[in-house]
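Asks: Structure incoming, see below.
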Amino acid sequence: MTTHKNWLEWCVFAVGLVLVCGTLGYLVYDAFTQEPLPPLLQVTLAEPYQHLGHYVVPVTVHNHGGGTAQQVLIRVTLRVDGEEETAEFELPHVPRQSDRHGFVTFDRDPAQGELSGRAVGYERP
Amino acid sequence: MPPPESPAGRRPVPESLREYGRGLAGGLLFSLPLLYTMEVWWTGFIVHPWTMIAYLATTFLLLLGYNHYAGMRHEATWAEVAIESVEEMGIGLIVAAGVLYLLGRITWEMPATEIVGKIVIEAMTVAIGVSVGTAQLGGSGDEDEQAKQDSPSDDADQDSGNASSSSNADQDDLAAQRQALRGELVIAFCGAVLFGSNVAPTEEILQIADEASAAKLLALAAFSIATAGLILFYIEFLKADPPSPERGTWVMVRHLGITYAIALAASALMLWFFQRFDGVSPGIAIAQTVVLAFPAVLGASAGRLLIR
């Protein structure tokens, strides 16, 4: 093969080859290691803080599963003296192995009671 | 070979830089709508890695086809075409990653699957845009002119030489025609994908397909074919063939049919990739294909003209 490439073109080709092979390699690795699991969501609540008379609780949603969860409805419940207060928000997508962050707010002080959160519903794309 | 060669027979570096610049411009021009579409980002993390690999492989085949039939260097060997395609994919990956980062669609906190998925899905259209940009945005360069004038004059020489000769030459002619047709089909497919992919991932296709009546879909199909005919034969768009008497109606109908068929096939492929066929009835699937085939056939017919 007669070639008329200069050093720049060979460099671009080398970089391109590395990138394409690397991407392909990663995708193949990912395809073989990805377990056929449904989306598995874990809701973690962080330390509440007060803002303008409300109590704000940061929420982290992590998807341990093998597929994306869509239209995820997160509901957090606060129990104080036997009374329940709930707050919720929706996440459009939580891709597999990913984190998404949100917040819920309460009128009562979460420090006085007990907080629990979970994903009450989500769909698969 | 390009005329401005250095003694070693290599292209000068500034020349290649300009070529990459054209590629970059083309890549961005053709893929910017996709880089700004959220359904595309989502597809990046929703689809399975195997689908992504199939997407990568399909794009590579399209690049090979495009660079072979419409690339700047018509005398290039398959190895050179492959090298060029790898370069374009690499540029596509870099450009897609850069733009997605600037747009805040990829961040360092994201898991690798999400980052790689988003980059790959965007990079493939960028790569096709780079390829088209490199080959088509040049224009005024001498080498371009020469390359484009070479093939028709060759054909003409062959034709005049063949007129008086044996069936062997006829066969050559037929083979050349087949080759040319194959080239046109590949380019038409590339054009269909390039145009169609801008709207294929959007929710709008499904909505239009869902609400359209059968009569409207039929009318849309007829309108698509008519527009393709307009571009291919009547309005002297770029290098379109003027309608000539020896070119029968039948030939035009056949060309239109092939072009629309390619647009339909490309549309179905794109919709399948963007998971628009998952869990829908066959009727809706066909309706979506017809809806998407309109932009696709525009790309296919415009694409076919680019190598004439």
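By order in the structure tokens, chains are A, B, ...; within a chain, residues start at 1; ligands start at 1, following the order shown.
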Please report, as a ChimeraX atom specification, each residue of stretch 1-232 of chain B to which DSSP assigns helix (DSSP H, G or I) when run on this structure's backbone.
Replies: /B:13-35,38-46,49-70,78-102,112-136,142-162,167-196,203-211,214-232
Asks: What are the residues of chain A lining chain B at 12 Å or less? Count only C-alpha atoms, and put the answer as number ranges by chain.
Replies: A: 1-36, 39, 62-64, 66-70, 92-101, 124-125
Asks: Write out the residues from the selection above, keeping C-alpha atoms, as an mmCIF file, in the first residue's frame.
Replies:
data_model
loop_
_atom_site.group_PDB
_atom_site.id
_atom_site.type_symbol
_atom_site.label_atom_id
_atom_site.label_comp_id
_atom_site.auth_asym_id
_atom_site.auth_seq_id
_atom_site.Cartn_x
_atom_site.Cartn_y
_atom_site.Cartn_z
ATOM 1 C CA MET A 1 0.000 0.000 0.000
ATOM 2 C CA THR A 2 1.420 3.345 -1.014
ATOM 3 C CA THR A 3 0.815 5.921 1.622
ATOM 4 C CA HIS A 4 0.863 9.683 1.479
ATOM 5 C CA LYS A 5 0.132 10.398 5.094
ATOM 6 C CA ASN A 6 2.199 12.894 7.008
ATOM 7 C CA TRP A 7 3.079 12.694 10.703
ATOM 8 C CA LEU A 8 -0.010 14.686 11.722
ATOM 9 C CA GLU A 9 -2.355 12.303 9.943
ATOM 10 C CA TRP A 10 -0.640 9.306 11.497
ATOM 11 C CA CYS A 11 -1.006 10.924 14.932
ATOM 12 C CA VAL A 12 -4.699 11.550 14.381
ATOM 13 C CA PHE A 13 -5.092 7.985 13.196
ATOM 14 C CA ALA A 14 -3.234 6.626 16.229
ATOM 15 C CA VAL A 15 -5.372 8.656 18.633
ATOM 16 C CA GLY A 16 -8.509 7.642 16.747
ATOM 17 C CA LEU A 17 -7.555 3.975 16.851
ATOM 18 C CA VAL A 18 -6.858 4.095 20.588
ATOM 19 C CA LEU A 19 -10.164 5.865 21.260
ATOM 20 C CA VAL A 20 -12.237 3.561 19.055
ATOM 21 C CA CYS A 21 -10.606 0.382 20.396
ATOM 22 C CA GLY A 22 -10.830 1.675 23.955
ATOM 23 C CA THR A 23 -14.514 2.501 23.577
ATOM 24 C CA LEU A 24 -15.247 -0.831 21.936
ATOM 25 C CA GLY A 25 -13.280 -2.655 24.614
ATOM 26 C CA TYR A 26 -15.146 -0.873 27.380
ATOM 27 C CA LEU A 27 -18.538 -1.599 25.798
ATOM 28 C CA VAL A 28 -17.698 -5.299 25.412
ATOM 29 C CA TYR A 29 -16.470 -5.433 29.024
ATOM 30 C CA ASP A 30 -19.629 -3.641 30.134
ATOM 31 C CA ALA A 31 -21.839 -5.985 28.116
ATOM 32 C CA PHE A 32 -20.283 -9.057 29.737
ATOM 33 C CA THR A 33 -20.165 -7.752 33.292
ATOM 34 C CA GLN A 34 -23.593 -6.161 33.346
ATOM 35 C CA GLU A 35 -25.976 -8.408 35.238
ATOM 36 C CA PRO A 36 -29.511 -8.760 33.918
ATOM 37 C CA PRO A 39 -33.414 -1.266 38.489
ATOM 38 C CA HIS A 62 -28.588 5.258 43.946
ATOM 39 C CA ASN A 63 -29.466 2.616 41.369
ATOM 40 C CA HIS A 64 -27.629 -0.665 42.063
ATOM 41 C CA GLY A 66 -28.795 -3.332 35.719
ATOM 42 C CA GLY A 67 -31.269 -1.001 34.060
ATOM 43 C CA THR A 68 -32.386 2.595 34.088
ATOM 44 C CA ALA A 69 -35.331 3.573 36.287
ATOM 45 C CA GLN A 70 -37.604 6.231 34.846
ATOM 46 C CA PRO A 92 -36.980 11.676 35.387
ATOM 47 C CA HIS A 93 -34.158 9.117 35.206
ATOM 48 C CA VAL A 94 -31.838 7.192 37.452
ATOM 49 C CA PRO A 95 -29.390 5.315 35.187
ATOM 50 C CA ARG A 96 -27.816 2.086 36.410
ATOM 51 C CA GLN A 97 -24.927 2.527 38.827
ATOM 52 C CA SER A 98 -25.748 6.218 39.079
ATOM 53 C CA ASP A 99 -26.606 8.728 41.795
ATOM 54 C CA ARG A 100 -29.290 11.388 41.568
ATOM 55 C CA HIS A 101 -29.813 14.080 44.171
ATOM 56 C CA ARG A 124 -38.578 0.972 32.939
ATOM 57 C CA PRO A 125 -37.886 2.835 29.715
#
Asks: Using atom CA of B:Ala82 and atom CA of B:Gly26 as the two end points, give the distance in Å to one decimal.
Replies: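 That distance, rounded to one decimal, is 19.4 Å.
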Asks: Neighbours of B:Val126 within 8 Å (only C-alpha atoms; same-chain residues fewer than 6 positions away dropped), as a list in words?
Replies: Gly27, Leu28, Phe30, Ser31, Gly92, Leu93, Val95 and Ala96 of chain B
Asks: Would you list the contacts of stretch 73-75 of chain A as a short mmCIF file (atom, residue, chain, number, x, y, z; two decimals) with N, CA, C and O atoms, in the first residue's frame, taking every protein, DNA or RNA residue within 7 Å and counting only C-alpha atoms, but skipping same-chain residues closer than 4 positions in sequence?
Replies:
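Output below, filename out-v8.cif:
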data_model
loop_
_atom_site.label_atom_id
_atom_site.label_comp_id
_atom_site.auth_asym_id
_atom_site.auth_seq_id
_atom_site.Cartn_x
_atom_site.Cartn_y
_atom_site.Cartn_z
N THR A 86 -45.50 13.58 55.11
CA THR A 86 -44.76 13.05 53.96
C THR A 86 -44.38 14.16 53.00
O THR A 86 -45.06 15.18 52.90
N ALA A 87 -43.28 13.92 52.29
CA ALA A 87 -42.84 14.84 51.24
C ALA A 87 -42.31 14.00 50.10
O ALA A 87 -41.78 12.90 50.32
N GLU A 88 -42.50 14.45 48.86
CA GLU A 88 -42.04 13.64 47.73
C GLU A 88 -41.54 14.49 46.58
O GLU A 88 -41.81 15.68 46.49
N PHE A 89 -40.78 13.85 45.71
CA PHE A 89 -40.35 14.50 44.46
C PHE A 89 -40.13 13.41 43.42
O PHE A 89 -40.06 12.23 43.74
N GLU A 90 -40.07 13.82 42.15
CA GLU A 90 -39.92 12.85 41.07
C GLU A 90 -38.61 13.06 40.33
O GLU A 90 -38.19 14.20 40.11
N LEU A 91 -37.96 11.96 39.97
CA LEU A 91 -36.73 12.04 39.18
C LEU A 91 -37.03 11.47 37.80
O LEU A 91 -37.59 10.39 37.69
N GLY A 117 -37.27 6.90 53.97
CA GLY A 117 -37.53 7.24 52.58
C GLY A 117 -37.40 6.03 51.67
O GLY A 117 -36.64 5.10 51.95
N ARG A 118 -38.16 6.03 50.60
CA ARG A 118 -38.01 4.97 49.61
C ARG A 118 -38.57 5.44 48.27
O ARG A 118 -39.28 6.45 48.19
N ALA A 119 -38.23 4.67 47.22
CA ALA A 119 -38.80 4.93 45.90
C ALA A 119 -40.12 4.18 45.86
O ALA A 119 -40.14 2.95 45.89
N VAL A 120 -41.23 4.90 45.81
CA VAL A 120 -42.52 4.24 45.87
C VAL A 120 -42.96 3.69 44.51
O VAL A 120 -43.78 2.78 44.46
N GLY A 121 -42.41 4.24 43.44
CA GLY A 121 -42.79 3.72 42.13
C GLY A 121 -41.86 4.24 41.05
O GLY A 121 -41.34 5.33 41.17
N TYR A 122 -41.62 3.41 40.03
CA TYR A 122 -40.80 3.85 38.89
C TYR A 122 -41.09 2.94 37.72
O TYR A 122 -41.63 1.85 37.88
#
Asks: Which one is closest to B:Gly65: B:Gly183, B:Gly191, B:Gly133, B:Gly279? Count only C-alpha atoms.
Replies: B:Gly183
Asks: For the strand (DSSP E or B) assignment from backbone DSSP, which residues of chain A qualify? Please present them as a VMD selection string.
Replies: chain A and resid 41 to 45 49 to 51 54 to 63 69 to 80 83 to 94 99 to 106 114 to 123
Asks: Identify, on the basis of only C-alpha atoms, every residue whose closest approach to A:Gly113 does not exceed 9 Å; exclude the query and any residue fewer than 5 positions from it along the same chain; express the result as a short mmCIF file (atom, residue, chain, number, x, y, z; two decimals) with C-alpha atoms, in the first residue's frame.
Replies:
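Contents of result.cif, as written:
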data_model
loop_
_atom_site.label_atom_id
_atom_site.label_comp_id
_atom_site.auth_asym_id
_atom_site.auth_seq_id
_atom_site.Cartn_x
_atom_site.Cartn_y
_atom_site.Cartn_z
CA LEU A 78 -41.37 11.86 58.98
CA ARG A 79 -42.97 10.40 62.12
CA VAL A 80 -43.17 12.75 65.10
CA ASP A 81 -45.25 11.80 68.16
CA GLY A 82 -47.27 9.27 66.21
CA ARG A 108 -41.63 19.73 61.83
#
Asks: Quick one: distance from atom CA of A:His54 to atom CA of A:Phe103 in Å, one decimal?
Replies: 11.9 Å
Asks: Residues within 12 Å of B:Ala226, please, as a list of chain:residue names. Count only C-alpha atoms; anything in the same chain fewer than 5 positions from it doesn't count.
Replies: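 The neighbour list is B:Ala219, B:Leu220, B:Ala221, B:Ile231, B:Leu232, B:Phe233, B:Tyr234, B:Met252, B:Val253, B:Leu256, B:Gly257, B:Thr259, B:Tyr260, B:Phe294, B:Val297, B:Leu298, B:Ser301.
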Asks: Nearest residue to B:Lys118 out of B:Tyr36, B:Tyr69, B:Phe223, B:Trp41, using only C-alpha atoms?
Replies: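 Of B:Tyr36, B:Tyr69, B:Phe223, B:Trp41, the one nearest B:Lys118, counting only C-alpha atoms, is B:Trp41.
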Asks: Rounded to one decimal, what separation in Å do you get between atom CA of A:Thr77 and atom CA of A:Pro48?
Replies: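 Going from atom CA of A:Thr77 over to atom CA of A:Pro48 covers 13.3 Å.
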Asks: Contacts of B:Tyr55 at 10 Å or less, counting only C-alpha atoms, minus same-chain residues fewer than 5 places along, as a list in words?
Replies: Pro49, Trp50, Phe60, Leu61, Val120, Ile121, Met124, Leu269, Met270 and Phe273 of chain B
